[in-house]
Amino acid sequence: MSLPEPGTDLAHEVRSWCRSKDAAGWRDRMSAAAPAERAGLQQAWLLQLAEQGYAVPHWPAAWGGGRSRADQLTIARELIRAGAPRLDMHFVALYHAAATLVTAGSDEQRATYLPAIRDGQRWCQGFSEPGAGSDLASLRTRAERRGDHYVVNGHKTWSSSAEFAEMCLLLARTGGQGRAGISYFLLDLSSPGVSVRPIRNASGHDEFCDVFLTDVEIPVTARVGAENEGWRIANATLGEERGLTMLERSEEMVAGLRYLTLAAAALPPEERGAALETLGAFAERVESFRLLVSRVLDASVDGTDTAAASILKLVYSELLQDISREGLAMAGLSGHEGRHGWSGTWQTGHWFDDYLRSWEWTIGGGTNDILRNVVGERILGLPRGGSR
Amino acid sequence: MRIALPEAALDFGRVADDVLRAAGGVDLARAAESDPRAAARAQECLAGIGMYDIDPRGCLEDAVAAAELCRVAGGHAVPYPVAAMLLRTSDATPFALVDARQPIIDHALTAGTWTAATLTGELFEAEPDAPVDSKVAPFAMTVRLRPVAGGTASVLDRRLGLLFGAWHLLGFGQRALQLAIEHTRVREQFGHPLSNFQVIRHTLADLSVGLEGLDLLCRFSLWSAFTDGSPSLADALSVRLEAQRVVKHTLRMAQQFHGASGFADEYDISVLVRHAQPGLRLPTDRGATLALLRTAIDEYGFDGPFHAGGVR
Ligand SMILES: Cc1cc2nc3c(=O)[nH]c(=O)nc-3n(C[C@H](O)[C@H](O)[C@H](O)COP(=O)(O)OP(=O)(O)OC[C@H]3O[C@@H](n4cnc5c(N)ncnc54)[C@H](O)[C@@H]3O)c2cc1C
């Protein structure tokens with residue numbers, strides 16, 4: 001296990017770069033902006049990161065990455081400490097899409113899309129369907145082969161930020177039932193027959209979307225891997241969400257603890273004692289989570305051992321919910337105050353919004369019940385139960 | 001101790017439920033965020049069934065009818081301050097409990113002037129100031145307080161304010177459970193209804209037991225507000241505390257069992273979760289409720305439902 005030293009040259013470099021760019025100012029502007037404007041700001045910030053070599057440190061060297069795990073961690077940590085914005089609208093592109101392309105894409109696909117992603121192309125993930133959530137393998141969107149292209153019909157849902165995305169990672173059925181009949185496609189969302197409808201969510205934002213597909217043509221060259229191999233490839237990208245991205249999340253959590261510390265410091269002296277105990281307990285849990293992230297990532301060199309990575313998302317989501325709940329409790333009614341911009345947890349400094357937002361984390365990317373099944377069956381070796 | 005509700009109050013609750021359902025149910029709340037006419041429609045429904053004829057301070061029977069109305073209104077997330085209106089101090093002056101350091105009132109725009117009281121009994125005139133501007137508290141506003149010289153809020157007013165708040169939350173919780181049951185019976189994954197999975201069945205069972213207990217506490221405390229003549233708020237605060245615990249957890253789990261649809265406003269649970277937040281936090285969040293309860297027990301002891309074994 002290798003945790004980088006905080007005082008390295010790289011850390012200094014990132015820190016002073018963030019200062020010169022007013023990283024926190026970018027975050028504030030993004031949080032306050034309306035969605036379309038926020039999309040523009042995110043893209044502009046990504047380009048600045050890319051120019052400096054901080055956008056894709058986790059990619060292979062040939063595509064502009066090639067940094068060591070320790071360097072990746074340092075970059076993520078310093079950006080977060082400086083209050084730099086989180087690029088949620090580029091999340092699928094930078095992690096899921098890139099991992100898919102690197103591990104399973106053709107040379108041509110890589111050459112087309114990896115540079116485009118680094119230059120700000122936005123992607124969304126079109127896996128879930130109204131009837132296929134936890135049981136993703138039951139998906140029904142159909143892709144029929146017709147010569148050099150497929151014709152796709154179906155309905156995808158809960159696709160985060162699809163409204164602003166240009167490309168979509170699409171799973172569709174090309175064969176029979178179950179996992180063995182699924183193929184993986186790179187769908188250009190500007191194709192005729194695609195329509196995207198934002199869904200208003202519980203926090204009052206339009207973030208995830210329905211994606212309706214009617215006789216959409218996808219060239220055969222946009223299929224990733226062999227026909228009916230989609231399930232295996234999809235698992236690799238889900239592993240990416242649960243694995244490598246947790247590196248960043250764990251550092252964010254440390255920043256979250258700082259917010260909690262501020263909330264505790266603002267309490268009247270007689271309440272501070274209990275708050276410090278809470279804070280201490282959370283500090284332990286956050287530290288243990290960081291160590292867990294390092295261990296899982298070190299054990300699975302490419303960061304895609306989905307079973308082990310499942311543990312990370314379990315721990316992260318529940319810890320996040322507990323911390324936000326405690327933050328809200330400490331802030332009391334002043335938890336209502338502050339900026340009420342877009343919240344992706346820790347984003348607003350507004351406990352009320354962040355707390356409610358944290359609830360999504362036990363659902364998205366595989367629910368915690370399902371992840372518990374994965375841990376039980378694939379790590380503990382228990383017999384397979386309900387989630388077949 | 002009386003915890004059976006009079007038939008008349010139950011009937012009244014059923015009528016209110018029918019009328020609100022016919023007016024759109026949770027759709028009223030959904031619409032109200034962009035269209036103030038939805039609140040007016042809700043008010044018309046409530047007026048139509050006689051909300052303004054209830055005198056909740058007058059006698060237990062009326063208080064029970066008022067509490068039932070709060071519960072039913074919670075179940076539809078009615079975009080109108082039902083409890084505050086039931087406890088109004090004049091025709092158009094609703095009554096709300098506030099924290100004087102951070103005075104916030106939900107649905108504050110309903111009236112230009114409010115009567116506001118702290119839990120320690122200080123009395124104020126309140127005027128809506130600015131929206132708290134949160135997507136998760138769309139109707140809540142900060143208010144400006146002006147002390148009412150020599151005024152004190154009666155213990156009964158404060159007890160009823162807390163208790164109606166708890167009944168209101170109970171309504172949210174009961175509806176959330178009902179939605180979770182309906183959803184998990186119908187929604188299938190892995191070839192089974194979700195309700196076949198034990199983790200879901202067990203949790204639903206636990207939630208229902210929690211709500212049942214809260215329901216009984218709510219009834220008991222309303223009865224004792226009219227019978228024990230105690231100057232203490234301990235009983236009402238403990239009910240609020242339990243309502244905050246049970247209902248928060250119920251909403252949370254009901255949303256979880258809806259999967260992603262629990263976060264989509266097309267589903268009632270999403271709207272319910274959002275609109276329950278102000279009631280869970282105003283006038284006191286759990287920490288503040290607990291602190292006040294501690295003080296109240298220190299001062300007056302705590303009898304609770306079991307007089308003989310009470311702490312004192
Ligand atoms: C914020 C957010 C963003 C998302 N973004 C995307 C996206 O970009 N692209 C995309 O394709 N999808 C996305 N999703 C969808 C996500 O992948 C699904 O919500 C998730 O897989 C669960 O599916 P479901 O919502 O249909 O819930 P369901 O599968 O219907 O589950 C409902 C409830 O039942 C429980 N349950 C299900 N099966 C079992 C079992 N066997 N044992 C015990 N309990 C069980 C679940 O844990 C859950 O509590 C997103 C979801 C959220 C919340």
# chains A, B, ... in the order shown; residues from 1 in each chain; ligands from 1

call {"tool": "residues_near_ligand", "arguments": {"ligand": "ligand 1", "cutoff": "8 Å", "atoms": "only C-alpha atoms and all ligand atoms", "output": "VMD selection string"}}
result
(chain A and resid 92 124 to 136 156 to 162 208 360 to 370 373 385 to 388) or (chain B and resid 184 187 to 190 194 197 to 200 253 255 to 263)

call {"tool": "interface_residues", "arguments": {"of": "chain B", "to": "chain A", "cutoff": "9 Å", "atoms": "only C-alpha atoms", "output": "number ranges by chain"}}
result
B: 99, 102-104, 132-137, 187-192, 197, 199, 252, 255-256, 259-266, 269-274, 277, 281-288

call {"tool": "write_last_selection", "arguments": {"atoms": "C-alpha atoms", "output": "JSON list (two decimals), in the first residue's frame"}}
result
[["chain", "number", "residue", "atom", "x", "y", "z"],
["B", 99, "ASP", "CA", -37.14, 29.19, 16.91],
["B", 102, "GLN", "CA", -33.78, 31.40, 13.28],
["B", 103, "PRO", "CA", -37.43, 32.08, 12.66],
["B", 104, "ILE", "CA", -38.62, 30.12, 9.62],
["B", 132, "VAL", "CA", -35.22, 30.17, 2.33],
["B", 133, "ASP", "CA", -34.64, 29.49, -1.34],
["B", 134, "SER", "CA", -34.11, 25.78, -1.05],
["B", 135, "LYS", "CA", -35.42, 23.29, -3.57],
["B", 136, "VAL", "CA", -36.16, 21.00, -0.66],
["B", 137, "ALA", "CA", -38.20, 23.56, 1.29],
["B", 187, "ARG", "CA", -42.38, -3.94, -9.14],
["B", 188, "GLU", "CA", -40.61, -7.09, -10.25],
["B", 189, "GLN", "CA", -36.89, -7.70, -10.54],
["B", 190, "PHE", "CA", -35.17, -11.05, -10.98],
["B", 191, "GLY", "CA", -38.56, -12.52, -11.80],
["B", 192, "HIS", "CA", -40.08, -11.73, -8.39],
["B", 197, "PHE", "CA", -37.08, -10.31, -0.87],
["B", 199, "VAL", "CA", -34.75, -7.63, 3.48],
["B", 252, "ARG", "CA", -35.85, 7.19, 3.78],
["B", 255, "GLN", "CA", -37.62, 6.06, -1.08],
["B", 256, "GLN", "CA", -34.87, 3.45, -1.12],
["B", 259, "GLY", "CA", -35.09, 2.60, -6.43],
["B", 260, "ALA", "CA", -34.32, 5.49, -8.76],
["B", 261, "SER", "CA", -38.02, 6.24, -9.16],
["B", 262, "GLY", "CA", -37.98, 7.29, -5.52],
["B", 263, "PHE", "CA", -36.05, 10.32, -6.71],
["B", 264, "ALA", "CA", -38.30, 11.13, -9.66],
["B", 265, "ASP", "CA", -41.03, 13.65, -9.06],
["B", 266, "GLU", "CA", -43.46, 11.71, -11.21],
["B", 269, "ILE", "CA", -42.84, 9.34, -2.80],
["B", 270, "SER", "CA", -40.35, 11.83, -4.22],
["B", 271, "VAL", "CA", -42.71, 14.78, -3.66],
["B", 272, "LEU", "CA", -43.66, 13.47, -0.24],
["B", 273, "VAL", "CA", -40.05, 13.19, 0.87],
["B", 274, "ARG", "CA", -39.29, 16.74, -0.19],
["B", 277, "GLN", "CA", -38.57, 18.11, 5.24],
["B", 281, "ARG", "CA", -37.02, 20.41, 10.92],
["B", 282, "LEU", "CA", -39.33, 23.23, 12.00],
["B", 283, "PRO", "CA", -39.48, 24.60, 14.62],
["B", 284, "THR", "CA", -36.91, 22.19, 16.07],
["B", 285, "ASP", "CA", -34.71, 19.57, 14.48],
["B", 286, "ARG", "CA", -34.07, 16.40, 16.44],
["B", 287, "GLY", "CA", -31.16, 17.85, 18.36],
["B", 288, "ALA", "CA", -33.14, 20.88, 19.45]]

call {"tool": "atom_distance", "arguments": {"atom1": "atom CA of Ala275 of chain A", "atom2": "atom CA of Arg101 of chain B"}}
result
20.4 Å

call {"tool": "residues_around", "arguments": {"residues": "Glu61 of chain B", "least_positions_apart": "4", "cutoff": "9 Å", "atoms": "only C-alpha atoms", "output": "PyMOL selection string"}}
result
chain B and resi 5-6+8-9+56+65-66

call {"tool": "residues_around", "arguments": {"residues": "segment 82-87 of chain B", "least_positions_apart": "5", "cutoff": "8 Å", "atoms": "only C-alpha atoms", "output": "count of residues only"}}
result
19

call {"tool": "atom_distance", "arguments": {"atom1": "atom CA of His202 of chain B", "atom2": "atom CA of Leu312 of chain A"}}
result
25.4 Å

call {"tool": "residues_around", "arguments": {"residues": "Arg122 of chain A", "least_positions_apart": "2", "cutoff": "8 Å", "atoms": "only C-alpha atoms", "output": "PDB file with N, CA and C atoms, in the first residue's frame"}}
result
ATOM      1  N   MET A  89     -20.615  16.276 -14.936  1.00  0.00           N
ATOM      2  CA  MET A  89     -21.153  16.101 -16.285  1.00  0.00           C
ATOM      3  C   MET A  89     -20.167  15.376 -17.200  1.00  0.00           C
ATOM      4  N   HIS A  90     -18.932  15.259 -16.764  1.00  0.00           N
ATOM      5  CA  HIS A  90     -17.936  14.547 -17.564  1.00  0.00           C
ATOM      6  C   HIS A  90     -17.550  13.225 -16.916  1.00  0.00           C
ATOM      7  N   VAL A  92     -19.070  10.258 -16.586  1.00  0.00           N
ATOM      8  CA  VAL A  92     -19.230   9.044 -17.388  1.00  0.00           C
ATOM      9  C   VAL A  92     -18.172   9.003 -18.494  1.00  0.00           C
ATOM     10  N   ALA A  93     -17.915  10.147 -19.100  1.00  0.00           N
ATOM     11  CA  ALA A  93     -16.941  10.185 -20.194  1.00  0.00           C
ATOM     12  C   ALA A  93     -15.539   9.843 -19.691  1.00  0.00           C
ATOM     13  N   ILE A 117     -13.023  13.084 -25.728  1.00  0.00           N
ATOM     14  CA  ILE A 117     -13.428  13.144 -24.313  1.00  0.00           C
ATOM     15  C   ILE A 117     -12.526  14.115 -23.545  1.00  0.00           C
ATOM     16  N   GLY A 120     -13.510  17.534 -23.995  1.00  0.00           N
ATOM     17  CA  GLY A 120     -14.769  18.011 -23.422  1.00  0.00           C
ATOM     18  C   GLY A 120     -16.039  17.344 -23.932  1.00  0.00           C
ATOM     19  N   CYS A 124     -23.135   9.919 -21.620  1.00  0.00           N
ATOM     20  CA  CYS A 124     -24.021   9.428 -20.563  1.00  0.00           C
ATOM     21  C   CYS A 124     -24.061   7.919 -20.641  1.00  0.00           C
ATOM     22  N   PHE A 164     -27.396  16.829 -21.726  1.00  0.00           N
ATOM     23  CA  PHE A 164     -26.277  17.614 -22.239  1.00  0.00           C
ATOM     24  C   PHE A 164     -25.199  16.733 -22.873  1.00  0.00           C
ATOM     25  N   ALA A 165     -25.476  15.442 -22.972  1.00  0.00           N
ATOM     26  CA  ALA A 165     -24.452  14.537 -23.489  1.00  0.00           C
ATOM     27  C   ALA A 165     -24.511  14.451 -25.009  1.00  0.00           C
ATOM     28  N   GLU A 166     -23.354  14.155 -25.589  1.00  0.00           N
ATOM     29  CA  GLU A 166     -23.306  13.950 -27.039  1.00  0.00           C
ATOM     30  C   GLU A 166     -23.294  12.472 -27.368  1.00  0.00           C
ATOM     31  N   MET A 167     -22.735  11.667 -26.488  1.00  0.00           N
ATOM     32  CA  MET A 167     -22.608  10.237 -26.745  1.00  0.00           C
ATOM     33  C   MET A 167     -23.173   9.446 -25.568  1.00  0.00           C
TER      34      MET A 167
END

call {"tool": "atom_distance", "arguments": {"atom1": "atom CA of Leu179 of chain B", "atom2": "atom CA of Leu371 of chain A"}}
result
24.3 Å

call {"tool": "decode", "arguments": {"residues": "segment 226-263 of chain B", "atoms": "N, CA, C and O atoms", "output": "compact mmCIF listing (two decimals), in the first residue's frame"}}
result
# COMPACT_ATOMS: atom_id res chain seq x y z
N PHE B 226 -55.40 17.53 27.15
CA PHE B 226 -56.66 18.07 27.66
C PHE B 226 -56.99 17.60 29.06
O PHE B 226 -57.93 18.05 29.68
N THR B 227 -56.22 16.61 29.54
CA THR B 227 -56.62 16.03 30.82
C THR B 227 -55.62 16.22 31.94
O THR B 227 -56.00 16.21 33.10
N ASP B 228 -54.32 16.39 31.63
CA ASP B 228 -53.40 16.38 32.78
C ASP B 228 -53.09 17.78 33.34
O ASP B 228 -52.49 17.89 34.40
N GLY B 229 -53.46 18.82 32.59
CA GLY B 229 -53.26 20.18 33.08
C GLY B 229 -51.82 20.50 33.44
O GLY B 229 -51.55 21.46 34.17
N SER B 230 -50.87 19.73 32.96
CA SER B 230 -49.48 19.96 33.33
C SER B 230 -48.91 21.17 32.58
O SER B 230 -49.24 21.40 31.43
N PRO B 231 -48.06 21.94 33.24
CA PRO B 231 -47.41 23.06 32.55
C PRO B 231 -46.24 22.58 31.68
O PRO B 231 -45.56 23.39 31.06
N SER B 232 -45.99 21.27 31.68
CA SER B 232 -44.78 20.76 31.02
C SER B 232 -45.06 20.40 29.56
O SER B 232 -46.12 19.90 29.22
N LEU B 233 -44.04 20.62 28.72
CA LEU B 233 -44.14 20.20 27.32
C LEU B 233 -43.49 18.84 27.10
O LEU B 233 -43.37 18.38 25.97
N ALA B 234 -43.03 18.20 28.19
CA ALA B 234 -42.23 16.99 28.03
C ALA B 234 -42.94 15.96 27.16
O ALA B 234 -42.35 15.36 26.25
N ASP B 235 -44.21 15.77 27.44
CA ASP B 235 -44.95 14.76 26.71
C ASP B 235 -45.02 15.08 25.22
O ASP B 235 -44.72 14.25 24.36
N ALA B 236 -45.39 16.31 24.90
CA ALA B 236 -45.52 16.70 23.49
C ALA B 236 -44.16 16.68 22.79
O ALA B 236 -44.04 16.28 21.63
N LEU B 237 -43.11 17.08 23.50
CA LEU B 237 -41.78 17.06 22.90
C LEU B 237 -41.33 15.63 22.62
O LEU B 237 -40.70 15.35 21.60
N SER B 238 -41.67 14.72 23.53
CA SER B 238 -41.24 13.34 23.30
C SER B 238 -41.96 12.75 22.10
O SER B 238 -41.40 11.95 21.35
N VAL B 239 -43.20 13.18 21.88
CA VAL B 239 -43.91 12.70 20.70
C VAL B 239 -43.28 13.29 19.44
O VAL B 239 -43.09 12.60 18.44
N ARG B 240 -42.93 14.54 19.50
CA ARG B 240 -42.26 15.14 18.34
C ARG B 240 -40.95 14.41 18.03
O ARG B 240 -40.66 14.10 16.88
N LEU B 241 -40.21 14.13 19.08
CA LEU B 241 -38.93 13.44 18.90
C LEU B 241 -39.14 12.09 18.20
O LEU B 241 -38.44 11.72 17.26
N GLU B 242 -40.12 11.35 18.69
CA GLU B 242 -40.40 10.03 18.11
C GLU B 242 -40.90 10.17 16.66
O GLU B 242 -40.52 9.39 15.79
N ALA B 243 -41.73 11.19 16.42
CA ALA B 243 -42.21 11.41 15.05
C ALA B 243 -41.04 11.71 14.13
O ALA B 243 -40.96 11.21 13.01
N GLN B 244 -40.11 12.51 14.60
CA GLN B 244 -38.96 12.85 13.77
C GLN B 244 -38.14 11.60 13.45
O GLN B 244 -37.73 11.38 12.32
N ARG B 245 -37.95 10.77 14.46
CA ARG B 245 -37.14 9.56 14.26
C ARG B 245 -37.84 8.59 13.29
O ARG B 245 -37.28 8.17 12.29
N VAL B 246 -39.09 8.28 13.63
CA VAL B 246 -39.79 7.23 12.89
C VAL B 246 -40.10 7.67 11.45
O VAL B 246 -39.90 6.92 10.50
N VAL B 247 -40.56 8.90 11.31
CA VAL B 247 -41.01 9.32 9.98
C VAL B 247 -39.81 9.56 9.05
O VAL B 247 -39.85 9.19 7.88
N LYS B 248 -38.75 10.12 9.61
CA LYS B 248 -37.56 10.30 8.79
C LYS B 248 -37.10 8.94 8.24
O LYS B 248 -36.81 8.80 7.05
N HIS B 249 -37.04 7.96 9.11
CA HIS B 249 -36.57 6.64 8.70
C HIS B 249 -37.53 6.00 7.69
O HIS B 249 -37.12 5.38 6.72
N THR B 250 -38.82 6.17 7.95
CA THR B 250 -39.80 5.59 7.03
C THR B 250 -39.69 6.20 5.64
O THR B 250 -39.69 5.48 4.63
N LEU B 251 -39.58 7.52 5.59
CA LEU B 251 -39.45 8.18 4.29
C LEU B 251 -38.20 7.69 3.57
O LEU B 251 -38.20 7.39 2.38
N ARG B 252 -37.14 7.60 4.34
CA ARG B 252 -35.85 7.19 3.78
C ARG B 252 -35.95 5.79 3.16
O ARG B 252 -35.50 5.55 2.04
N MET B 253 -36.52 4.85 3.90
CA MET B 253 -36.58 3.48 3.40
C MET B 253 -37.60 3.35 2.27
O MET B 253 -37.38 2.61 1.32
N ALA B 254 -38.70 4.07 2.38
CA ALA B 254 -39.70 3.99 1.30
C ALA B 254 -39.07 4.50 0.00
O ALA B 254 -39.29 3.93 -1.07
N GLN B 255 -38.27 5.54 0.12
CA GLN B 255 -37.62 6.06 -1.08
C GLN B 255 -36.60 5.04 -1.61
O GLN B 255 -36.54 4.77 -2.81
N GLN B 256 -35.86 4.45 -0.71
CA GLN B 256 -34.87 3.45 -1.12
C GLN B 256 -35.54 2.29 -1.87
O GLN B 256 -35.05 1.82 -2.88
N PHE B 257 -36.68 1.85 -1.38
CA PHE B 257 -37.34 0.71 -2.01
C PHE B 257 -37.95 1.05 -3.36
O PHE B 257 -38.30 0.18 -4.13
N HIS B 258 -38.11 2.34 -3.61
CA HIS B 258 -38.57 2.73 -4.94
C HIS B 258 -37.42 2.75 -5.95
O HIS B 258 -37.65 3.01 -7.12
N GLY B 259 -36.21 2.51 -5.51
CA GLY B 259 -35.09 2.60 -6.43
C GLY B 259 -34.98 4.02 -6.97
O GLY B 259 -35.34 4.98 -6.28
N ALA B 260 -34.51 4.14 -8.21
CA ALA B 260 -34.32 5.49 -8.76
C ALA B 260 -35.65 6.24 -8.86
O ALA B 260 -35.68 7.46 -8.76
N SER B 261 -36.75 5.52 -9.02
CA SER B 261 -38.02 6.24 -9.16
C SER B 261 -38.38 6.98 -7.88
O SER B 261 -39.15 7.93 -7.90
N GLY B 262 -37.78 6.56 -6.76
CA GLY B 262 -37.98 7.29 -5.52
C GLY B 262 -37.46 8.72 -5.58
O GLY B 262 -37.79 9.55 -4.75
N PHE B 263 -36.62 8.98 -6.56
CA PHE B 263 -36.05 10.32 -6.71
C PHE B 263 -36.66 11.07 -7.88
O PHE B 263 -36.19 12.14 -8.24
